[in-house]
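Note: the block below is start-v2.pdb and it holds PDB, C-alpha atoms.
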ATOM      1  CA  MET A 206    -132.460 -65.300-207.332
ATOM      2  CA  HIS A 207    -135.627 -66.874-208.619
ATOM      3  CA  ARG A 208    -135.977 -66.056-212.316
ATOM      4  CA  TYR A 209    -138.212 -67.547-214.955
ATOM      5  CA  PHE A 210    -136.748 -68.879-218.183
ATOM      6  CA  ARG A 211    -138.536 -66.129-220.109
ATOM      7  CA  VAL A 212    -135.782 -63.828-218.777
ATOM      8  CA  ILE A 213    -133.025 -66.272-219.736
ATOM      9  CA  ARG A 214    -134.500 -66.759-223.192
ATOM     10  CA  GLU A 215    -134.515 -63.002-223.727
ATOM     11  CA  ALA A 216    -130.803 -62.992-222.881
ATOM     12  CA  GLY A 217    -130.198 -65.264-225.876
ATOM     13  CA  PHE A 218    -128.975 -68.281-223.920
ATOM     14  CA  LEU A 219    -131.498 -70.756-225.274
ATOM     15  CA  GLY A 220    -130.399 -69.975-228.809
ATOM     16  CA  SER A 221    -127.159 -71.905-228.271
ATOM     17  CA  MET A 222    -128.513 -75.107-226.724
ATOM     18  CA  THR A 223    -131.631 -77.212-226.384
ATOM     19  CA  LEU A 224    -133.340 -77.689-223.040
ATOM     20  CA  SER A 225    -135.971 -80.099-221.821
ATOM     21  CA  LEU A 226    -138.127 -78.528-219.119
ATOM     22  CA  VAL A 227    -140.082 -81.650-218.178
ATOM     23  CA  SER A 228    -140.341 -82.270-214.452
ATOM     24  CA  THR A 229    -139.257 -85.767-213.490
ATOM     25  CA  GLY A 230    -139.876 -86.023-209.786
ATOM     26  CA  CYS A 231    -138.387 -84.847-206.488
ATOM     27  CA  GLY A 232    -134.894 -84.355-205.083
ATOM     28  CA  GLY A 233    -132.305 -87.126-205.349
ATOM     29  CA  ILE A 234    -132.859 -87.952-209.036
ATOM     30  CA  GLU A 235    -130.021 -87.789-211.557
ATOM     31  CA  PRO A 236    -130.031 -84.220-212.948
ATOM     32  CA  THR A 237    -129.893 -83.607-216.684
ATOM     33  CA  LEU A 238    -127.039 -81.283-217.699
ATOM     34  CA  ARG A 239    -127.026 -78.917-220.655
ATOM     35  CA  GLN A 240    -124.043 -76.654-221.403
ATOM     36  CA  GLN A 241    -123.787 -73.620-223.604
ATOM     37  CA  ALA A 242    -121.237 -74.065-226.381
ATOM     38  CA  PRO A 243    -117.927 -72.586-225.198
ATOM     39  CA  THR A 244    -116.307 -69.772-227.157
ATOM     40  CA  LEU A 245    -113.026 -67.884-226.954
ATOM     41  CA  GLU A 246    -114.779 -65.154-224.970
ATOM     42  CA  HIS A 247    -116.658 -67.624-222.757
ATOM     43  CA  PRO A 248    -114.552 -70.756-222.050
ATOM     44  CA  GLY A 249    -116.346 -73.899-220.951
ATOM     45  CA  ILE A 250    -116.602 -75.117-217.377
ATOM     46  CA  PRO A 251    -114.289 -78.161-217.049
ATOM     47  CA  PRO A 252    -116.219 -81.477-217.265
ATOM     48  CA  MET A 253    -115.089 -82.528-213.774
ATOM     49  CA  THR A 254    -116.478 -79.316-212.283
ATOM     50  CA  ALA A 255    -119.731 -79.679-214.234
ATOM     51  CA  ASP A 256    -120.080 -83.222-212.855
ATOM     52  CA  HIS A 257    -119.380 -81.936-209.349
ATOM     53  CA  LEU A 258    -122.124 -79.329-209.741
ATOM     54  CA  ARG A 259    -124.434 -82.061-211.014
ATOM     55  CA  GLU A 260    -123.767 -84.029-207.816
ATOM     56  CA  CYS A 261    -124.487 -80.918-205.740
ATOM     57  CA  VAL A 262    -127.855 -80.490-207.447
ATOM     58  CA  LYS A 263    -128.611 -84.201-207.127
ATOM     59  CA  GLU A 264    -127.879 -84.125-203.389
ATOM     60  CA  HIS A 265    -129.309 -80.726-202.460
ATOM     61  CA  GLY A 266    -131.508 -79.547-205.350
ATOM     62  CA  HIS A 267    -134.636 -80.555-203.445
ATOM     63  CA  LEU A 268    -133.998 -77.589-201.126
ATOM     64  CA  LEU A 269    -135.131 -75.256-203.919
ATOM     65  CA  GLU A 270    -138.759 -74.669-204.721
ATOM     66  CA  GLY A 271    -139.923 -75.897-208.096
ATOM     67  CA  GLY A 272    -139.458 -73.568-211.032
ATOM     68  CA  SER A 273    -136.527 -71.931-212.825
ATOM     69  CA  TRP A 274    -133.530 -70.520-210.978
ATOM     70  CA  ALA A 275    -130.479 -68.583-212.176
ATOM     71  CA  PHE A 276    -127.352 -68.218-210.029
ATOM     72  CA  SER A 277    -124.203 -66.198-210.752
ATOM     73  CA  PRO A 278    -121.291 -67.475-208.636
ATOM     74  CA  THR A 279    -117.939 -65.670-208.799
ATOM     75  CA  ILE A 280    -114.511 -67.304-208.506
ATOM     76  CA  ARG A 281    -111.605 -65.023-207.642
ATOM     77  CA  VAL A 282    -108.150 -66.335-208.493
ATOM     78  CA  ASN A 283    -104.670 -64.841-208.468
ATOM     79  CA  ARG A 284    -102.393 -64.656-211.495
ATOM     80  CA  ARG A 285    -101.021 -68.141-210.724
ATOM     81  CA  GLY A 286    -104.463 -69.711-210.853
ATOM     82  CA  TYR A 287    -104.898 -70.272-207.113
ATOM     83  CA  VAL A 288    -108.461 -69.730-205.906
ATOM     84  CA  VAL A 289    -108.635 -66.836-203.462
ATOM     85  CA  ASP A 290    -112.381 -66.803-202.866
ATOM     86  CA  VAL A 291    -115.686 -68.232-204.129
ATOM     87  CA  ASP A 292    -118.884 -66.233-203.771
ATOM     88  CA  THR A 293    -122.081 -68.162-204.451
ATOM     89  CA  GLY A 294    -123.959 -64.886-204.708
ATOM     90  CA  ASP A 295    -127.730 -64.948-204.601
ATOM     91  CA  MET A 296    -128.469 -68.516-203.514
ATOM     92  CA  PRO A 297    -131.407 -68.451-201.087
ATOM     93  CA  GLN A 298    -131.150 -69.114-197.361
ATOM     94  CA  SER A 299    -133.390 -72.127-197.931
ATOM     95  CA  ALA A 300    -130.560 -73.909-199.802
ATOM     96  CA  LEU A 301    -127.455 -73.396-197.657
ATOM     97  CA  ASP A 302    -126.184 -76.943-198.231
ATOM     98  CA  LEU A 303    -126.451 -76.418-201.998
ATOM     99  CA  ALA A 304    -124.489 -73.173-201.658
ATOM    100  CA  ALA A 305    -121.782 -74.878-199.580
ATOM    101  CA  CYS A 306    -121.473 -77.726-202.076
ATOM    102  CA  THR A 307    -121.327 -75.265-204.987
ATOM    103  CA  ARG A 308    -118.594 -73.300-203.228
ATOM    104  CA  ILE A 309    -116.497 -76.448-202.828
ATOM    105  CA  ALA A 310    -117.074 -77.549-206.436
ATOM    106  CA  LEU A 311    -116.026 -74.190-207.865
ATOM    107  CA  GLY A 312    -113.158 -73.798-205.406
ATOM    108  CA  ASP A 313    -111.674 -77.046-206.711
ATOM    109  CA  MET A 314    -112.056 -76.049-210.359
ATOM    110  CA  VAL A 315    -108.956 -75.949-212.550
ATOM    111  CA  ILE A 316    -109.017 -72.479-214.105
ATOM    112  CA  PRO A 317    -108.701 -72.621-217.919
ATOM    113  CA  SER A 318    -105.151 -71.567-218.821
ATOM    114  CA  TYR A 319    -106.503 -69.212-221.477
ATOM    115  CA  ILE A 320    -107.958 -66.985-218.763
ATOM    116  CA  LEU A 321    -104.659 -66.726-216.899
ATOM    117  CA  LYS A 322    -102.874 -65.685-220.105
ATOM    118  CA  ILE A 323    -105.152 -62.731-220.791
ATOM    119  CA  ARG A 324    -103.168 -59.536-220.399
ATOM    120  CA  PRO A 325    -104.694 -57.179-217.857
ATOM    121  CA  THR A 326    -105.809 -53.802-219.099
ATOM    122  CA  LYS A 327    -106.374 -50.610-217.160
ATOM    123  CA  SER A 328    -109.945 -49.454-217.495
ATOM    124  CA  ASP A 329    -112.852 -48.044-215.567
ATOM    125  CA  THR A 330    -114.080 -51.601-214.965
ATOM    126  CA  ALA A 331    -111.096 -52.477-212.754
ATOM    127  CA  THR A 332    -112.134 -52.490-209.104
ATOM    128  CA  ASN A 333    -110.576 -52.777-205.673
ATOM    129  CA  GLU A 334    -112.419 -55.229-203.487
ATOM    130  CA  ALA A 335    -111.884 -57.396-200.424
ATOM    131  CA  THR A 336    -114.499 -59.799-199.076
ATOM    132  CA  MET A 337    -115.072 -60.577-195.419
ATOM    133  CA  ALA A 338    -113.684 -64.068-195.997
ATOM    134  CA  GLN A 339    -110.496 -62.669-197.521
ATOM    135  CA  ARG A 340    -110.009 -60.136-194.736
ATOM    136  CA  SER A 341    -110.344 -62.907-192.162
ATOM    137  CA  TYR A 342    -107.374 -64.688-193.747
ATOM    138  CA  VAL A 343    -105.084 -61.874-194.798
ATOM    139  CA  GLY A 344    -105.967 -58.829-192.749
ATOM    140  CA  SER A 345    -107.357 -56.086-195.002
ATOM    141  CA  PRO A 346    -105.717 -56.506-198.411
ATOM    142  CA  ALA A 347    -106.693 -54.607-201.529
ATOM    143  CA  LEU A 348    -107.626 -56.872-204.403
ATOM    144  CA  VAL A 349    -107.395 -55.311-207.837
ATOM    145  CA  VAL A 350    -109.537 -57.088-210.420
ATOM    146  CA  VAL A 351    -107.576 -57.148-213.661
ATOM    147  CA  VAL A 352    -109.467 -59.727-215.775
ATOM    148  CA  VAL A 353    -113.159 -60.686-215.717
ATOM    149  CA  VAL A 354    -114.360 -63.637-217.811
ATOM    150  CA  GLY A 355    -117.810 -65.208-217.885
ATOM    151  CA  LEU A 356    -117.720 -68.966-218.452
ATOM    152  CA  SER A 357    -120.204 -70.710-220.716
ATOM    153  CA  GLU A 358    -123.458 -71.241-218.847
ATOM    154  CA  ILE A 359    -124.786 -74.621-217.776
ATOM    155  CA  VAL A 360    -128.307 -75.727-216.891
ATOM    156  CA  LEU A 361    -129.209 -78.621-214.602
ATOM    157  CA  GLU A 362    -132.729 -80.007-214.483
ATOM    158  CA  ALA A 363    -133.684 -81.898-211.334
ATOM    159  CA  GLY A 364    -137.293 -82.743-210.757
ATOM    160  CA  ALA A 365    -139.413 -79.609-210.676
ATOM    161  CA  ALA A 366    -136.385 -77.290-210.509
ATOM    162  CA  THR A 367    -134.352 -76.047-213.484
ATOM    163  CA  ILE A 368    -131.125 -74.352-212.411
ATOM    164  CA  LEU A 369    -128.830 -72.154-214.506
ATOM    165  CA  PHE A 370    -125.258 -71.473-213.368
ATOM    166  CA  ALA A 371    -123.558 -68.427-214.931
ATOM    167  CA  VAL A 372    -120.063 -68.575-213.431
ATOM    168  CA  THR A 373    -117.676 -65.622-213.603
ATOM    169  CA  VAL A 374    -113.916 -65.836-213.050
ATOM    170  CA  LYS A 375    -112.124 -62.736-211.770
ATOM    171  CA  VAL A 376    -108.330 -62.708-211.895
ATOM    172  CA  VAL A 377    -106.955 -60.442-209.185
ATOM    173  CA  ASP A 378    -103.594 -58.981-208.253
ATOM    174  CA  LYS A 379    -102.646 -58.626-204.618
ATOM    175  CA  ALA A 380     -99.796 -56.802-202.932
ATOM    176  CA  VAL A 381     -99.241 -59.429-200.238
ATOM    177  CA  ASP A 382     -96.718 -62.054-201.330
ATOM    178  CA  ASP A 383     -98.215 -64.936-199.373
ATOM    179  CA  VAL A 384    -101.527 -65.139-201.271
ATOM    180  CA  ALA A 385    -100.545 -68.334-203.085
ATOM    181  CA  GLU A 386     -99.618 -70.071-199.853
ATOM    182  CA  LEU A 387    -102.845 -68.963-198.205
ATOM    183  CA  ALA A 388    -104.897 -70.142-201.167
ATOM    184  CA  LYS A 389    -103.128 -73.502-201.060
ATOM    185  CA  GLN A 390    -103.839 -73.789-197.342
ATOM    186  CA  ARG A 391    -107.516 -73.038-197.892
ATOM    187  CA  ARG A 392    -107.673 -75.774-200.542
ATOM    188  CA  ILE A 393    -106.238 -78.268-198.006
ATOM    189  CA  TRP A 394    -108.833 -77.145-195.465
ATOM    190  CA  ARG A 395    -111.667 -77.537-197.969
ATOM    191  CA  ASP A 396    -110.570 -81.025-198.993
ATOM    192  CA  GLN A 397    -110.336 -82.151-195.372
ATOM    193  CA  CYS A 398    -113.687 -80.573-194.526
ATOM    194  CA  THR A 399    -115.273 -82.395-197.475
ATOM    195  CA  ASP A 400    -113.864 -85.741-196.351
ATOM    196  CA  ASP A 401    -115.062 -85.178-192.790
ATOM    197  CA  TYR A 402    -118.470 -84.027-194.058
ATOM    198  CA  THR A 403    -118.819 -87.267-196.046
ATOM    199  CA  ASP A 404    -117.989 -89.310-192.924
ATOM    200  CA  CYS A 405    -120.434 -87.241-190.889
ATOM    201  CA  ILE A 406    -123.297 -87.845-193.317
ATOM    202  CA  ALA A 407    -122.838 -91.590-192.808
ATOM    203  CA  SER A 408    -123.092 -91.161-189.013
ATOM    204  CA  PRO A 409    -126.206 -90.464-186.883
ATOM    205  CA  ALA A 410    -125.392 -86.749-187.130
ATOM    206  CA  GLY A 411    -126.207 -86.952-190.841
ATOM    207  CA  ARG A 412    -129.877 -87.452-189.960
ATOM    208  CA  ALA A 413    -130.034 -84.716-187.319
ATOM    209  CA  ARG A 414    -131.139 -81.153-187.979
ATOM    210  CA  GLY A 415    -128.608 -78.324-188.135
ATOM    211  CA  ASN A 416    -128.695 -74.598-187.443
ATOM    212  CA  HIS A 417    -131.385 -74.118-190.091
ATOM    213  CA  TRP A 418    -134.520 -76.088-190.827
ATOM    214  CA  ASN A 419    -133.187 -77.182-194.217
ATOM    215  CA  MET A 420    -129.627 -78.011-193.138
ATOM    216  CA  THR A 421    -128.291 -81.188-191.572
ATOM    217  CA  ARG A 422    -126.085 -81.040-188.516
ATOM    218  CA  CYS A 423    -123.203 -82.133-190.751
ATOM    219  CA  GLY A 424    -123.766 -79.046-192.899
ATOM    220  CA  SER A 425    -123.536 -76.834-189.815
ATOM    221  CA  CYS A 426    -120.357 -78.625-188.735
ATOM    222  CA  ARG A 427    -118.854 -78.136-192.207
ATOM    223  CA  GLU A 428    -119.522 -74.387-192.029
ATOM    224  CA  VAL A 429    -117.452 -74.262-188.836
ATOM    225  CA  CYS A 430    -114.728 -76.370-190.460
ATOM    226  CA  GLU A 431    -114.493 -74.039-193.466
ATOM    227  CA  ARG A 432    -114.085 -71.058-191.154
ATOM    228  CA  THR A 433    -111.511 -72.608-188.794
ATOM    229  CA  GLY A 434    -109.735 -75.205-190.965
ATOM    230  CA  LYS A 435    -110.549 -78.029-188.543
ATOM    231  CA  TRP A 436    -113.546 -80.342-188.227
ATOM    232  CA  PRO A 437    -115.179 -79.646-184.841
ATOM    233  CA  SER A 438    -115.920 -82.457-182.439
ATOM    234  CA  HIS A 439    -118.965 -80.542-181.167
ATOM    235  CA  ILE A 440    -120.872 -77.370-182.030
ATOM    236  CA  PRO A 441    -123.386 -75.314-180.046
ATOM    237  CA  LEU A 442    -126.911 -75.972-181.287
ATOM    238  CA  PHE A 443    -129.957 -74.524-179.569
ATOM    239  CA  PRO A 444    -131.449 -75.675-177.244
ATOM    240  CA  ASP A 445    -128.463 -77.910-176.386
ATOM    241  CA  PRO A 446    -125.169 -76.398-175.180
ATOM    242  CA  GLU A 447    -123.380 -78.548-177.737
ATOM    243  CA  VAL A 448    -123.985 -81.538-180.022
ATOM    244  CA  SER A 449    -121.641 -84.049-181.636
ATOM    245  CA  CYS A 450    -120.302 -83.657-185.193
ATOM    246  CA  ASN A 451    -119.424 -87.347-185.460
TER     247      ASN A 451
END
Here is the file; what I need is its structure written in the form of structure tokens.
Amino acid sequence: MHRYFRVIREAGFLGSMTLSLVSTGCGGIEPTLRQQAPTLEHPGIPPMTADHLRECVKEHGHLLEGGSWAFSPTIRVNRRGYVVDVDTGDMPQSALDLAACTRIALGDMVIPSYILKIRPTKSDTATNEATMAQRSYVGSPALVVVVVVGLSEIVLEAGAATILFAVTVKVVDKAVDDVAELAKQRRIWRDQCTDDYTDCIASPAGRARGNHWNMTRCGSCREVCERTGKWPSHIPLFPDPEVSCN
């Protein structure tokens, strides 16, 4: 969602850190990272994950129009800390590669142990929810959100775009016993898809268009890989019956 920093300032975020809003060019430059001071209520995003998000913005930030953006991704994990699902939320259709990269970065994040130790409480804020992605893996399970924690916010400045990430972690309970194994399997899939995506970018397919005007063919191939767990050799791409992913 496109939001100006007047809104963020009114939320009190700028009171805890200093930002430079000077544009420095176009996509591909090294983004500047600013992070809100972590607190007990809002733990910090691990440095490795923050660096991964910085790389995402460096690689794909040019897909956003200039201005200030605020995104609110959600990471759902089980009580053991395994990631069940990552929802990038309101990222625009014009930046699908940025959304995919963000999903991978947050899916690989090590959840702060403090969050996993919070005792769940029964309240009106607890919800039952199951995303389409979860249902595709485990049928139609009921996910009961027992802990919701907002991490300290980070801002990345890249050229004319200034991007705020406000990440929320939801710890869920699930009745199906195999959730940990499924989460582990999805992590293996993601890692393999990332490796194959990197190889694809270095091939001629990395310079070909994908299913959307702002996505490379490799990005379209990675979407298929994340759904099926296997890098495709070819994908259908109008007007051709199929094109190579290598």
Point-to-point distance in Å for atom CA of Leu369 of chain A and atom CA of Arg414 of chain A: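 Interatomic distance, atom CA of Arg414 of chain A to atom CA of Leu369 of chain A: 28.1 Å.
The shortest atom-to-atom distance to Cys430 of chain A, with all atoms listed in the file taken into account, belongs to A:Asp400 out of A:Glu358, A:Asp400, A:Asp378, A:Glu447.
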Atom pair atom CA of Gly272 of chain A / atom CA of Leu303 of chain A: separation (Å): 16.1 Å
Hits of the PyMOL selection byres ((chain A and resi 292) around 12) in this structure, as a VMD selection string: chain A and resid 276 to 282 288 to 291 293 to 296 304 to 312 335 to 339 372 to 375
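Comparing A:His247, A:Arg422, A:His267, A:His257 by their smallest distance to Thr367 of chain A, the closest is A:His267 (using all atoms listed in the file).
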Selection under test: the PyMOL selection byres ((chain A and resi 421) around 12); residues as a PyMOL selection string: chain A and resi 265+268+300-303+402+405-420+422-428+442+450
Gap from atom CA of Leu238 of chain A to atom CA of Val360 of chain A - Å, one decimal: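 Atom CA of Val360 of chain A lies at a distance of 5.8 Å from atom CA of Leu238 of chain A.
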